[in-house]
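The file run_21.cif comes next; it holds mmCIF, C-alpha atoms and all ligand atoms.
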data_final
loop_
_atom_site.label_atom_id
_atom_site.label_comp_id
_atom_site.auth_asym_id
_atom_site.auth_seq_id
_atom_site.Cartn_x
_atom_site.Cartn_y
_atom_site.Cartn_z
CA MET O 4 45.58 27.78 -64.47
CA ASN O 5 42.89 30.29 -63.57
CA PHE O 6 39.39 29.49 -62.48
CA THR O 7 36.45 30.74 -60.46
CA HIS O 8 34.34 28.29 -58.51
CA TYR O 9 31.32 29.06 -56.33
CA MET O 10 30.84 26.81 -53.29
CA PRO O 11 28.74 28.74 -50.75
CA THR O 12 26.22 25.96 -49.98
CA LYS O 13 26.38 24.15 -46.64
CA VAL O 14 26.02 20.43 -47.32
CA VAL O 15 24.59 18.10 -44.67
CA PHE O 16 24.97 14.56 -45.98
CA GLY O 17 24.12 11.07 -44.77
CA TYR O 18 21.45 8.83 -43.30
CA GLY O 19 19.47 10.82 -40.74
CA ALA O 20 20.58 14.18 -42.17
CA LEU O 21 16.94 15.30 -42.33
CA ASP O 22 16.80 15.20 -38.51
CA GLY O 23 18.95 18.33 -38.60
CA LEU O 24 16.38 20.32 -40.60
CA GLY O 25 14.82 21.98 -37.54
CA SER O 26 18.14 23.35 -36.35
CA GLU O 27 19.03 24.59 -39.85
CA VAL O 28 15.70 26.44 -40.01
CA SER O 29 16.24 28.06 -36.63
CA ALA O 30 19.87 28.91 -37.44
CA LEU O 31 18.52 30.86 -40.43
CA ARG O 32 16.07 32.64 -38.02
CA ALA O 33 13.16 31.88 -40.30
CA SER O 34 9.74 33.17 -39.21
CA ARG O 35 7.63 32.14 -42.24
CA VAL O 36 8.57 29.34 -44.61
CA LEU O 37 7.45 28.46 -48.15
CA ALA O 38 7.94 24.82 -49.15
CA VAL O 39 8.09 24.20 -52.91
CA THR O 40 7.30 20.73 -54.20
CA ASP O 41 4.97 18.66 -56.38
CA ARG O 42 1.73 16.80 -55.68
CA VAL O 43 3.34 13.35 -55.74
CA MET O 44 5.61 14.36 -52.88
CA VAL O 45 2.56 15.58 -50.95
CA LYS O 46 0.63 12.37 -51.67
CA THR O 47 3.46 10.09 -50.55
CA GLY O 48 3.66 11.90 -47.21
CA LEU O 49 7.21 13.10 -47.77
CA VAL O 50 6.19 16.75 -47.55
CA ASP O 51 4.52 16.16 -44.16
CA ARG O 52 7.69 14.49 -42.93
CA VAL O 53 9.59 17.66 -43.81
CA THR O 54 7.11 20.29 -42.65
CA SER O 55 6.59 18.50 -39.31
CA ARG O 56 10.22 19.34 -38.57
CA ILE O 57 9.72 23.06 -39.30
CA VAL O 58 8.57 25.09 -36.30
CA PRO O 59 7.63 28.47 -37.91
CA PRO O 60 4.43 28.66 -40.02
CA CYS O 61 5.02 26.86 -43.32
CA ASP O 62 2.93 27.12 -46.51
CA VAL O 63 3.22 24.60 -49.33
CA PHE O 64 3.32 25.33 -53.07
CA ASP O 65 2.77 21.95 -54.72
CA GLU O 66 2.20 22.89 -58.36
CA VAL O 67 5.64 21.98 -59.70
CA GLU O 68 5.50 19.78 -62.80
CA ALA O 69 8.23 17.78 -64.55
CA GLU O 70 10.33 20.01 -66.84
CA PRO O 71 8.40 23.04 -65.47
CA ARG O 72 7.10 25.61 -67.92
CA VAL O 73 7.92 29.25 -67.37
CA GLU O 74 4.27 29.69 -66.32
CA VAL O 75 4.98 27.48 -63.29
CA ALA O 76 7.92 29.73 -62.43
CA ASP O 77 5.50 32.68 -62.57
CA ALA O 78 3.06 30.84 -60.31
CA VAL O 79 5.73 30.18 -57.69
CA ALA O 80 6.87 33.81 -58.03
CA ASN O 81 3.33 35.02 -57.28
CA LYS O 82 3.14 32.67 -54.30
CA VAL O 83 6.42 33.74 -52.73
CA ARG O 84 5.50 37.42 -53.16
CA GLU O 85 2.14 36.93 -51.40
CA ARG O 86 3.57 37.04 -47.88
CA ALA O 87 6.73 38.07 -46.11
CA TYR O 88 8.44 34.68 -46.39
CA ASP O 89 12.00 34.58 -45.18
CA LEU O 90 12.97 31.00 -46.10
CA VAL O 91 12.25 28.74 -49.08
CA VAL O 92 12.51 24.95 -48.77
CA GLY O 93 12.66 22.80 -51.92
CA ILE O 94 11.55 19.16 -51.61
CA GLY O 95 11.82 16.67 -54.47
CA GLY O 96 13.77 16.10 -57.65
CA GLY O 97 15.42 18.65 -59.93
CA SER O 98 12.20 20.35 -61.03
CA SER O 99 11.02 21.10 -57.49
CA MET O 100 14.45 22.28 -56.41
CA ASP O 101 14.83 24.44 -59.51
CA MET O 102 11.48 26.12 -58.78
CA ALA O 103 12.41 26.57 -55.11
CA LYS O 104 15.68 28.17 -56.17
CA VAL O 105 13.98 30.66 -58.49
CA ALA O 106 11.35 31.35 -55.80
CA SER O 107 14.12 32.44 -53.43
CA CYS O 108 15.22 35.02 -56.03
CA PHE O 109 11.74 36.05 -57.21
CA ALA O 110 10.86 37.00 -53.63
CA THR O 111 13.24 39.96 -53.90
CA ASN O 112 13.28 40.57 -57.67
CA ALA O 113 10.10 41.85 -59.35
CA GLY O 114 8.71 41.04 -62.77
CA SER O 115 7.85 37.97 -64.80
CA ALA O 116 9.96 34.81 -64.91
CA ARG O 117 10.70 35.30 -68.64
CA LYS O 118 12.58 38.47 -67.77
CA TYR O 119 15.17 36.40 -65.89
CA VAL O 120 15.81 33.71 -68.51
CA GLY O 121 19.52 34.11 -69.26
CA ASN O 122 22.64 34.87 -67.25
CA ASN O 123 22.94 36.92 -64.07
CA LEU O 124 19.77 38.96 -64.40
CA PHE O 125 18.79 39.17 -60.71
CA SER O 126 19.87 42.39 -59.05
CA ASN O 127 18.71 41.87 -55.47
CA ARG O 128 19.96 39.34 -52.94
CA GLN O 129 17.82 36.21 -52.63
CA LEU O 130 16.05 34.69 -49.61
CA PRO O 131 17.88 31.89 -47.81
CA SER O 132 16.91 28.44 -49.07
CA ILE O 133 17.22 24.80 -48.03
CA MET O 134 17.12 22.03 -50.63
CA ILE O 135 16.09 18.48 -49.80
CA PRO O 136 16.62 16.17 -52.78
CA THR O 137 14.49 13.03 -52.77
CA THR O 138 16.16 11.36 -55.76
CA ALA O 139 19.84 10.68 -56.46
CA GLY O 140 20.38 12.30 -59.82
CA THR O 141 20.03 15.97 -60.55
CA GLY O 142 22.52 17.60 -58.22
CA ALA O 143 20.30 20.71 -58.51
CA GLU O 144 20.89 21.33 -54.79
CA LEU O 145 24.36 22.60 -55.71
CA THR O 146 23.99 24.28 -59.08
CA VAL O 147 23.75 27.87 -60.33
CA ALA O 148 20.98 27.17 -62.83
CA SER O 149 17.24 26.46 -62.93
CA MET O 150 15.71 24.97 -66.04
CA VAL O 151 12.43 26.35 -67.40
CA THR O 152 10.57 25.25 -70.51
CA VAL O 153 9.83 28.33 -72.61
CA ASP O 154 7.54 27.82 -75.61
CA GLY O 155 8.43 24.12 -75.71
CA HIS O 156 12.19 24.61 -75.44
CA LYS O 157 14.45 24.13 -72.47
CA GLN O 158 16.05 27.34 -71.29
CA TRP O 159 17.91 28.40 -68.17
CA ILE O 160 17.78 31.02 -65.50
CA LYS O 161 21.38 31.23 -64.34
CA SER O 162 22.83 33.13 -61.43
CA PRO O 163 25.12 32.39 -58.49
CA LEU O 164 22.23 33.75 -56.40
CA LEU O 165 20.38 30.50 -57.18
CA LEU O 166 22.86 28.54 -55.10
CA PRO O 167 20.99 27.30 -52.02
CA THR O 168 22.06 28.19 -48.51
CA VAL O 169 21.84 24.59 -47.27
CA ALA O 170 21.52 21.19 -48.98
CA ILE O 171 20.27 18.34 -46.81
CA VAL O 172 21.07 15.14 -48.67
CA ASP O 173 19.60 12.15 -46.85
CA PRO O 174 19.86 8.85 -48.79
CA GLU O 175 16.98 7.49 -46.67
CA TRP O 176 14.59 9.32 -49.03
CA THR O 177 15.88 7.41 -52.04
CA LEU O 178 15.28 3.92 -50.63
CA THR O 179 11.69 3.86 -51.86
CA MET O 180 12.38 5.21 -55.35
CA PRO O 181 10.78 2.96 -58.00
CA GLN O 182 13.20 1.01 -60.18
CA SER O 183 12.58 3.10 -63.32
CA VAL O 184 13.19 6.36 -61.42
CA THR O 185 16.32 4.86 -59.86
CA ALA O 186 17.65 4.03 -63.33
CA ALA O 187 16.80 7.37 -64.91
CA THR O 188 18.03 9.59 -62.08
CA GLY O 189 21.18 7.50 -61.65
CA LEU O 190 22.02 7.87 -65.34
CA ASP O 191 21.48 11.60 -65.00
CA ALA O 192 24.05 11.70 -62.18
CA LEU O 193 26.50 9.61 -64.21
CA SER O 194 25.98 11.88 -67.24
CA HIS O 195 26.57 15.06 -65.22
CA ASN O 196 29.85 13.74 -63.85
CA THR O 197 31.03 12.41 -67.20
CA GLU O 198 30.01 15.34 -69.40
CA SER O 199 31.41 17.92 -66.96
CA TYR O 200 34.70 16.04 -66.94
CA LEU O 201 34.85 16.38 -70.76
CA SER O 202 34.11 20.12 -70.67
CA SER O 203 36.77 22.69 -71.52
CA MET O 204 35.57 24.66 -68.47
CA ALA O 205 36.54 21.85 -66.08
CA ASN O 206 38.81 22.85 -63.21
CA PRO O 207 40.62 20.75 -60.57
CA ILE O 208 37.64 20.98 -58.20
CA THR O 209 35.07 19.87 -60.77
CA ASP O 210 37.42 17.16 -62.10
CA SER O 211 38.00 15.67 -58.64
CA ALA O 212 34.27 15.61 -58.01
CA ALA O 213 33.50 14.21 -61.48
CA LEU O 214 36.01 11.35 -61.29
CA GLU O 215 34.78 10.25 -57.87
CA GLY O 216 31.15 10.72 -58.98
CA MET O 217 31.67 8.55 -62.09
CA LYS O 218 33.41 5.86 -60.03
CA LEU O 219 30.59 5.77 -57.47
CA ALA O 220 27.84 5.72 -60.09
CA VAL O 221 29.46 3.04 -62.25
CA GLY O 222 30.12 0.92 -59.17
CA ASN O 223 26.70 1.26 -57.59
CA LEU O 224 23.97 2.04 -60.11
CA GLU O 225 23.40 -1.57 -61.16
CA LYS O 226 23.37 -2.55 -57.46
CA VAL O 227 20.60 -0.11 -56.51
CA PHE O 228 18.68 -1.08 -59.62
CA ALA O 229 18.79 -4.74 -58.60
CA ASP O 230 18.13 -4.09 -54.91
CA GLY O 231 16.65 -0.71 -53.99
CA SER O 232 17.06 -1.44 -50.29
CA ASP O 233 20.87 -1.67 -50.52
CA ARG O 234 21.62 1.16 -48.10
CA LYS O 235 25.32 1.35 -48.84
CA ALA O 236 24.80 1.53 -52.60
CA ARG O 237 21.97 4.09 -52.19
CA GLU O 238 24.29 6.24 -50.09
CA ALA O 239 26.96 5.99 -52.80
CA MET O 240 24.44 7.08 -55.47
CA SER O 241 23.31 10.06 -53.37
CA LEU O 242 26.95 11.06 -53.09
CA ALA O 243 27.50 10.56 -56.85
CA ALA O 244 24.56 12.89 -57.56
CA LEU O 245 25.90 15.48 -55.10
CA LEU O 246 29.37 15.32 -56.68
CA GLY O 247 27.67 15.72 -60.06
CA GLY O 248 26.20 18.98 -58.79
CA ILE O 249 29.73 20.22 -57.99
CA ALA O 250 31.07 18.94 -61.32
CA LEU O 251 28.25 20.70 -63.19
CA HIS O 252 29.90 24.05 -62.53
CA ALA O 253 32.11 23.07 -65.50
CA LYS O 254 28.93 22.76 -67.64
CA MET O 255 28.04 19.81 -69.76
CA VAL O 256 28.97 18.87 -73.30
CA TYR O 257 26.70 17.58 -76.09
CA GLY O 258 25.25 14.50 -74.32
CA HIS O 259 22.57 16.57 -72.62
CA SER O 260 21.96 18.59 -75.80
CA ILE O 261 21.24 15.35 -77.66
CA GLY O 262 19.01 14.27 -74.79
CA TYR O 263 16.94 17.48 -75.08
CA THR O 264 16.17 16.72 -78.73
CA ILE O 265 14.64 13.32 -77.95
CA ALA O 266 13.18 13.61 -74.42
CA THR O 267 9.88 15.30 -75.21
CA ARG O 268 9.36 13.80 -78.68
CA TYR O 269 9.82 10.24 -77.49
CA ARG O 270 8.48 10.73 -73.95
CA LEU O 271 11.72 9.76 -72.25
CA ALA O 272 12.60 10.61 -68.66
CA HIS O 273 15.38 13.20 -68.58
CA GLY O 274 17.96 10.70 -67.29
CA VAL O 275 17.02 8.16 -69.96
CA SER O 276 17.34 10.78 -72.69
CA CYS O 277 20.90 11.64 -71.65
CA GLY O 278 21.88 8.07 -70.67
CA LEU O 279 21.24 6.83 -74.20
CA PRO O 280 23.79 9.15 -75.89
CA LEU O 281 26.35 8.89 -73.07
CA PRO O 282 28.41 5.93 -74.41
CA TYR O 283 28.61 7.53 -77.87
CA VAL O 284 29.64 10.85 -76.36
CA ILE O 285 32.47 9.22 -74.39
CA ALA O 286 33.77 7.46 -77.51
CA SER O 287 33.52 10.54 -79.71
CA TYR O 288 35.40 12.80 -77.25
CA SER O 289 38.32 10.38 -76.88
CA VAL O 290 40.57 12.38 -79.23
CA ALA O 291 39.54 15.92 -78.21
CA CYS O 292 39.94 14.95 -74.53
CA ALA O 293 42.84 12.54 -75.05
CA PRO O 294 44.86 13.50 -71.93
CA LYS O 295 41.82 12.85 -69.71
CA MET O 296 40.80 9.47 -71.09
CA LYS O 297 43.01 7.31 -68.88
CA LYS O 298 41.42 8.64 -65.68
CA LEU O 299 37.93 8.58 -67.17
CA ALA O 300 38.36 4.94 -68.24
CA SER O 301 39.69 4.05 -64.82
CA ALA O 302 36.64 5.69 -63.19
CA TYR O 303 34.54 3.45 -65.45
CA GLY O 304 36.42 0.43 -64.10
CA VAL O 305 38.45 -0.10 -67.27
CA ASP O 306 41.89 -1.49 -66.61
CA LEU O 307 43.70 -1.26 -69.96
CA LYS O 308 47.48 -1.24 -70.17
CA THR O 309 47.58 1.40 -72.88
CA ASP O 310 47.82 5.15 -73.26
CA ASP O 311 45.88 5.11 -76.52
CA SER O 312 43.04 7.50 -75.78
CA VAL O 313 40.81 6.05 -78.50
CA ALA O 314 41.12 2.52 -77.11
CA LEU O 315 40.52 3.83 -73.58
CA GLY O 316 37.51 5.88 -74.68
CA LEU O 317 36.03 2.95 -76.55
CA ALA O 318 36.44 0.59 -73.60
CA ALA O 319 34.82 3.14 -71.24
CA ALA O 320 32.04 3.67 -73.79
CA GLU O 321 31.41 -0.07 -73.98
CA ARG O 322 31.19 -0.25 -70.19
CA ALA O 323 28.78 2.70 -70.21
CA ARG O 324 26.59 1.04 -72.83
CA ARG O 325 26.52 -2.23 -70.89
CA LEU O 326 25.48 -0.29 -67.80
CA VAL O 327 22.71 1.58 -69.64
CA GLY O 328 21.43 -1.69 -71.11
CA ASN O 329 21.55 -3.46 -67.74
CA LEU O 330 19.15 -0.81 -66.40
CA GLY O 331 16.62 -1.67 -69.10
CA VAL O 332 17.24 1.66 -70.84
CA PRO O 333 17.39 1.79 -74.68
CA THR O 334 20.90 2.08 -76.09
CA THR O 335 20.08 3.14 -79.66
CA MET O 336 17.91 5.80 -81.32
CA LYS O 337 16.34 3.04 -83.41
CA GLU O 338 14.97 1.37 -80.26
CA ILE O 339 13.13 4.50 -79.13
CA GLY O 340 11.47 4.81 -82.54
CA VAL O 341 13.39 7.65 -84.19
CA PRO O 342 12.75 7.39 -87.96
CA GLU O 343 16.07 7.21 -89.81
CA GLY O 344 14.95 10.11 -91.99
CA ASP O 345 14.63 12.42 -88.96
CA LEU O 346 18.22 12.05 -87.77
CA HIS O 347 19.64 15.09 -89.54
CA ALA O 348 16.78 17.36 -88.49
CA LEU O 349 17.39 16.33 -84.87
CA ALA O 350 21.12 16.95 -85.31
CA ARG O 351 20.39 20.43 -86.66
CA GLU O 352 18.12 21.20 -83.70
CA CYS O 353 20.85 19.93 -81.37
CA VAL O 354 23.59 22.25 -82.64
CA GLU O 355 21.30 25.23 -83.25
CA MET O 356 19.14 25.14 -80.11
CA TYR O 357 21.56 23.66 -77.59
CA PRO O 358 25.11 24.68 -78.57
CA ARG O 359 27.99 24.11 -76.15
CA GLN O 360 30.73 26.70 -76.30
CA ASN O 361 32.53 24.72 -73.62
CA SER O 362 32.76 21.56 -75.73
CA PRO O 363 36.35 20.79 -76.76
CA LEU O 364 34.86 18.85 -79.67
CA VAL O 365 33.18 21.25 -82.10
CA PHE O 366 30.17 19.90 -83.98
CA ASP O 367 28.46 21.27 -87.03
CA GLU O 368 25.21 19.99 -88.44
CA GLU O 369 27.00 17.41 -90.57
CA SER O 370 29.29 15.94 -87.93
CA MET O 371 26.43 15.90 -85.42
CA GLY O 372 24.30 14.15 -88.04
CA HIS O 373 26.99 11.51 -88.28
CA LEU O 374 26.91 11.03 -84.51
CA TYR O 375 23.09 10.64 -84.63
CA GLU O 376 23.52 7.97 -87.33
CA MET O 377 25.95 6.12 -85.07
CA MET O 378 23.51 6.36 -82.16
CA TRP O 379 20.71 5.08 -84.39
CA GLU O 380 22.69 2.08 -85.52
CA GLY O 381 24.43 1.44 -82.20
CA ARG O 382 27.96 2.02 -83.52
CA LEU O 383 30.46 3.34 -80.98
CA SER O 384 33.20 3.98 -83.53
CA SER O 385 33.01 5.27 -87.07
FE FE F 401 20.69 16.29 -66.26
#

Would you mind writing the structure in this file as structure tokens?
Ligand SMILES: [Fe+2]
Amino acid sequence: MNFTHYMPTKVVFGYGALDGLGSEVSALRASRVLAVTDRVMVKTGLVDRVTSRIVPPCDVFDEVEAEPRVEVADAVANKVRERAYDLVVGIGGGSSMDMAKVASCFATNAGSARKYVGNNLFSNRQLPSIMIPTTAGTGAELTVASMVTVDGHKQWIKSPLLLPTVAIVDPEWTLTMPQSVTAATGLDALSHNTESYLSSMANPITDSAALEGMKLAVGNLEKVFADGSDRKAREAMSLAALLGGIALHAKMVYGHSIGYTIATRYRLAHGVSCGLPLPYVIASYSVACAPKMKKLASAYGVDLKTDDSVALGLAAAERARRLVGNLGVPTTMKEIGVPEGDLHALARECVEMYPRQNSPLVFDEESMGHLYEMMWEGRLSS
């Protein structure tokens, strides 16, 4: 067993963690700070709550959009190169944190954002950064990638240099998340843990995180959906998202790829677009990932006295589909309005645009088309 795993980020977790921001900033000897966020965060007052804890001068870049285009990455690059910033703080969901992460690298690496789309293209060391997630889903505070939309397609800037210096994960921030955001971000966290567990790049560190992350999300997502003020369940979801960030180092399998093909077309939140395929993905990987199915099913709360991986996978998939449905999220492609005649074109886009070399289950256009048909009809087994 050989593996490489990056874990340089200091994690400060728990209710009240944000109170430690000032001391983290001074420990990093920052003299000029750039906060990266979006306008909603500014409007809700969350950005003020963060910047009031930062003593050195702090400017705010608030132009981050959902699924940010590469032009937004260029805008944040221009901003961070304007002055001699020595710390970047990301406040918000995955998009804001992704843009804060690239800003920390663009400060010391010249040229346009497009130049860095791909793997390991930064040559100079990045600025220190602190990430403050305000949802419980993306895990972006602990990952080596930032997503950018290039000419309408999702692409990635990947580098270990994107790993933040500090992640301050305070569940307090998530207590006011609207119900629909709670559902979508929670499904994203569950998908990250589950898909990473099914990846052929999984290692004992990512597996441990993924199993615990799945267990926490399955056990608490319906609770926070029903009662957003449930502090214990919110804390568990923040932890599930954080563990998903660790698990993501194993990379995801085809659930997210499928999600990318439907998110923009059918105006679905990212977490909804990958929550819908999740049950079908679990069921379809039950042979390719047979030795892992017992633990996966157990993390999904399935207590079956069998070693039959197909039965275990199907039971876990059924639990996943019940969970998705209980959150008011569509569980079939038909429900979101995909015309039956489009299924094979979407399947082709999925395998051509978003291939997964780390998937132990290999799909071609035809077998992926079959999976899309199952997702359209709502069939978990063929
Ligand atoms: Fe995701």

- Query: Which one is closest to His259 (chain O): O:Ala300, O:Ala139, O:Val169, O:Ala192? Count all atoms listed in the file.
  - Reply: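 Of O:Ala300, O:Ala139, O:Val169, O:Ala192, the one nearest His259 (chain O) is O:Ala192, counting all atoms listed in the file.
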
Which polymer residues have any atom within 9 Å of an atom of Ile135 (chain O), counting all atoms listed in the file, with same-chain residues fewer than 5 positions away left out, as an mmCIF file with C-alpha atoms, in the coordinates of the input?
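This is the output file around_27.cif:
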data_model
loop_
_atom_site.group_PDB
_atom_site.id
_atom_site.type_symbol
_atom_site.label_atom_id
_atom_site.label_comp_id
_atom_site.auth_asym_id
_atom_site.auth_seq_id
_atom_site.Cartn_x
_atom_site.Cartn_y
_atom_site.Cartn_z
ATOM 1 C CA LEU O 21 16.940 15.300 -42.330
ATOM 2 C CA VAL O 53 9.590 17.660 -43.810
ATOM 3 C CA VAL O 92 12.510 24.950 -48.770
ATOM 4 C CA GLY O 93 12.660 22.800 -51.920
ATOM 5 C CA ILE O 94 11.550 19.160 -51.610
ATOM 6 C CA GLY O 95 11.820 16.670 -54.470
ATOM 7 C CA GLY O 96 13.770 16.100 -57.650
ATOM 8 C CA MET O 100 14.450 22.280 -56.410
ATOM 9 C CA GLU O 144 20.890 21.330 -54.790
ATOM 10 C CA VAL O 169 21.840 24.590 -47.270
ATOM 11 C CA ALA O 170 21.520 21.190 -48.980
ATOM 12 C CA ILE O 171 20.270 18.340 -46.810
ATOM 13 C CA VAL O 172 21.070 15.140 -48.670
ATOM 14 C CA ASP O 173 19.600 12.150 -46.850
#

Edge lengths and centre in Å to one decimal, as JSON, of the axis-aligned box that encloses all listed atoms of region 338-347 of chain O with 5 Å added on every side?
{"center_x": 15.6, "center_y": 8.2, "center_z": -85.6, "size_x": 18.2, "size_y": 23.7, "size_z": 22.9}

- Can you work out which one of O:Leu164, O:Ala253, O:Val45, O:Leu145 has the shortest atom-to-atom distance to Thr7 (chain O), counting all atoms listed in the file? O:Ala253

- Message: Residues contacting ligand FE 401 (chain F) - anything with an atom at most 8 Å away, using only C-alpha atoms and all ligand atoms - can you give me those as a ChimeraX atom specification?
- Response: /O:140-141,191-192,194-195,259,273-274,277

- Message: If I take CA of Lys337 (chain O) and CA of Ile285 (chain O), how far is one from the other in Å, to one decimal?
- Response: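 Distance between the two atoms: 19.5 Å.
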
- Item | Selected residue, from O:Ile249, O:Cys292, O:Ile261, O:Val327, that lies nearest to Glu355 (chain O) when counting only C-alpha atoms | O:Ile261

- In Å, with one decimal, what is the gap from CA of Glu321 (chain O) to CA of Ala286 (chain O)? 8.6 Å

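Between CA of Leu178 (chain O) and CA of Arg270 (chain O) the interatomic distance comes to 25.2 Å.
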
Dump as a tab-separated table the rows for residues of region 158-188 of chain O within 12 Å of region 208-221 of chain O: closest atom pair and distance in Å with one decimal, only C-alpha atoms counted, ordered by chain and rising residue number.
residue	atom	partner	partner_atom	distance
O:Thr185	CA	O:Ala220	CA	11.6
O:Ala186	CA	O:Ala220	CA	10.8
O:Thr188	CA	O:Ala220	CA	10.7

Could the residues in this selection be saved with C-alpha atoms as a PDB file, in the coordinates of the input?
ATOM      1  CA  THR O 185      16.320   4.860 -59.860  1.00  0.00           C
ATOM      2  CA  ALA O 186      17.650   4.030 -63.330  1.00  0.00           C
ATOM      3  CA  THR O 188      18.030   9.590 -62.080  1.00  0.00           C
TER       4      THR O 188
END

Proximity of region 66-166 of chain O to region 357-372 of chain O: per-residue shortest pair, 10 Å limit, all atoms listed in the file, as a Markdown table:
| residue | atom | partner | partner_atom | distance |
| --- | --- | --- | --- | --- |
| O:His156 | CA | O:Tyr357 | CA | 9.7 |
| O:Lys157 | CA | O:Tyr357 | CA | 8.8 |
| O:Gln158 | CA | O:Tyr357 | CA | 9.1 |

Please save C-alpha atoms of the selected residues as an mmCIF file, keeping the file's coordinate frame.
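The result, stored in result.cif:
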data_model
loop_
_atom_site.group_PDB
_atom_site.id
_atom_site.type_symbol
_atom_site.label_atom_id
_atom_site.label_comp_id
_atom_site.auth_asym_id
_atom_site.auth_seq_id
_atom_site.Cartn_x
_atom_site.Cartn_y
_atom_site.Cartn_z
ATOM 1 C CA HIS O 156 12.190 24.610 -75.440
ATOM 2 C CA LYS O 157 14.450 24.130 -72.470
ATOM 3 C CA GLN O 158 16.050 27.340 -71.290
#

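Of the listed residues O:Asp101, O:Glu198, O:Glu238, O:Glu338, the one whose atoms come nearest to Phe16 (chain O) is O:Glu238, with distances taken using all atoms listed in the file.
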
- Query: Which residues come within 12 Å of region 378-382 of chain O, counting all atoms listed in the file, excluding same-chain residues fewer than 3 positions away, as a PyMOL selection string?
  - Reply: chain O and resi 258+261-262+278-284+286-287+317+320-321+324+328+333-347+349-350+371-375+385

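Remark: for Leu201 (chain O), the closest of the candidate residues O:Val290, O:Ala38, O:Met377, O:Val275 is O:Val290 (distances computed over only C-alpha atoms).
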
- Which of these residues is nearest to Pro167 (chain O), using only C-alpha atoms: O:Val63, O:Ala76, O:Leu90, O:Val120?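 Distance minimum relative to Pro167 (chain O) lands on O:Leu90.
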
- Message: List the spatial neighbours of Glu27 (chain O) as an MDAnalysis selection string - criterion: any atom at most 12 Å away, all atoms listed in the file, same-chain residues fewer than 5 positions off excluded.
- Response: chainID O and resid 13:15 20:22 32:33 56:58 90 92 131:134 168:171

Surrounding residues of Pro163 (chain O) excluding itself and chain neighbours under 6 positions, 12 Å, only C-alpha atoms, as a tab-separated table (two decimals) with C-alpha atoms, in the coordinates of the input:
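Output below, filename around.tsv:
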chain	number	residue	atom	x	y	z
O	7	THR	CA	36.45	30.74	-60.46
O	8	HIS	CA	34.34	28.29	-58.51
O	9	TYR	CA	31.32	29.06	-56.33
O	10	MET	CA	30.84	26.81	-53.29
O	11	PRO	CA	28.74	28.74	-50.75
O	12	THR	CA	26.22	25.96	-49.98
O	104	LYS	CA	15.68	28.17	-56.17
O	105	VAL	CA	13.98	30.66	-58.49
O	108	CYS	CA	15.22	35.02	-56.03
O	122	ASN	CA	22.64	34.87	-67.25
O	123	ASN	CA	22.94	36.92	-64.07
O	124	LEU	CA	19.77	38.96	-64.40
O	125	PHE	CA	18.79	39.17	-60.71
O	126	SER	CA	19.87	42.39	-59.05
O	127	ASN	CA	18.71	41.87	-55.47
O	128	ARG	CA	19.96	39.34	-52.94
O	129	GLN	CA	17.82	36.21	-52.63
O	145	LEU	CA	24.36	22.60	-55.71
O	146	THR	CA	23.99	24.28	-59.08
O	147	VAL	CA	23.75	27.87	-60.33
O	148	ALA	CA	20.98	27.17	-62.83
O	149	SER	CA	17.24	26.46	-62.93
O	252	HIS	CA	29.90	24.05	-62.53

- Mind checking which residues fall within 12 Å of Thr47 (chain O), counting only C-alpha atoms, ignoring those fewer than 5 positions away in the same chain, and posting them as a list in words?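 Once the adjacent positions are removed, what remains is Thr40, Asp41, Arg42, Arg52, Val53, Gly95, Thr137, Trp176, Thr179 and Met180 of chain O.
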
Can you spit out the residues from that selection as an mmCIF file, in the frame of the given file, using C-alpha atoms?
data_model
loop_
_atom_site.group_PDB
_atom_site.id
_atom_site.type_symbol
_atom_site.label_atom_id
_atom_site.label_comp_id
_atom_site.auth_asym_id
_atom_site.auth_seq_id
_atom_site.Cartn_x
_atom_site.Cartn_y
_atom_site.Cartn_z
ATOM 1 C CA THR O 40 7.300 20.730 -54.200
ATOM 2 C CA ASP O 41 4.970 18.660 -56.380
ATOM 3 C CA ARG O 42 1.730 16.800 -55.680
ATOM 4 C CA ARG O 52 7.690 14.490 -42.930
ATOM 5 C CA VAL O 53 9.590 17.660 -43.810
ATOM 6 C CA GLY O 95 11.820 16.670 -54.470
ATOM 7 C CA THR O 137 14.490 13.030 -52.770
ATOM 8 C CA TRP O 176 14.590 9.320 -49.030
ATOM 9 C CA THR O 179 11.690 3.860 -51.860
ATOM 10 C CA MET O 180 12.380 5.210 -55.350
#

Complete the atom set of region 270-275 of chain O to N, CA and C atoms and return it as an mmCIF file, in the coordinates of the input.
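File selection.cif, as written:
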data_model
loop_
_atom_site.group_PDB
_atom_site.id
_atom_site.type_symbol
_atom_site.label_atom_id
_atom_site.label_comp_id
_atom_site.auth_asym_id
_atom_site.auth_seq_id
_atom_site.Cartn_x
_atom_site.Cartn_y
_atom_site.Cartn_z
ATOM 1 N N ARG O 270 8.966 10.903 -75.322
ATOM 2 C CA ARG O 270 8.480 10.730 -73.950
ATOM 3 C C ARG O 270 9.456 9.952 -73.089
ATOM 4 N N LEU O 271 10.698 10.431 -73.059
ATOM 5 C CA LEU O 271 11.720 9.760 -72.250
ATOM 6 C C LEU O 271 11.974 10.586 -70.999
ATOM 7 N N ALA O 272 12.190 9.903 -69.874
ATOM 8 C CA ALA O 272 12.600 10.610 -68.660
ATOM 9 C C ALA O 272 13.931 11.297 -68.967
ATOM 10 N N HIS O 273 14.169 12.430 -68.302
ATOM 11 C CA HIS O 273 15.380 13.200 -68.580
ATOM 12 C C HIS O 273 16.643 12.321 -68.526
ATOM 13 N N GLY O 274 16.758 11.526 -67.462
ATOM 14 C CA GLY O 274 17.960 10.700 -67.290
ATOM 15 C C GLY O 274 18.110 9.632 -68.365
ATOM 16 N N VAL O 275 16.978 9.144 -68.876
ATOM 17 C CA VAL O 275 17.020 8.160 -69.960
ATOM 18 C C VAL O 275 17.498 8.840 -71.240
#
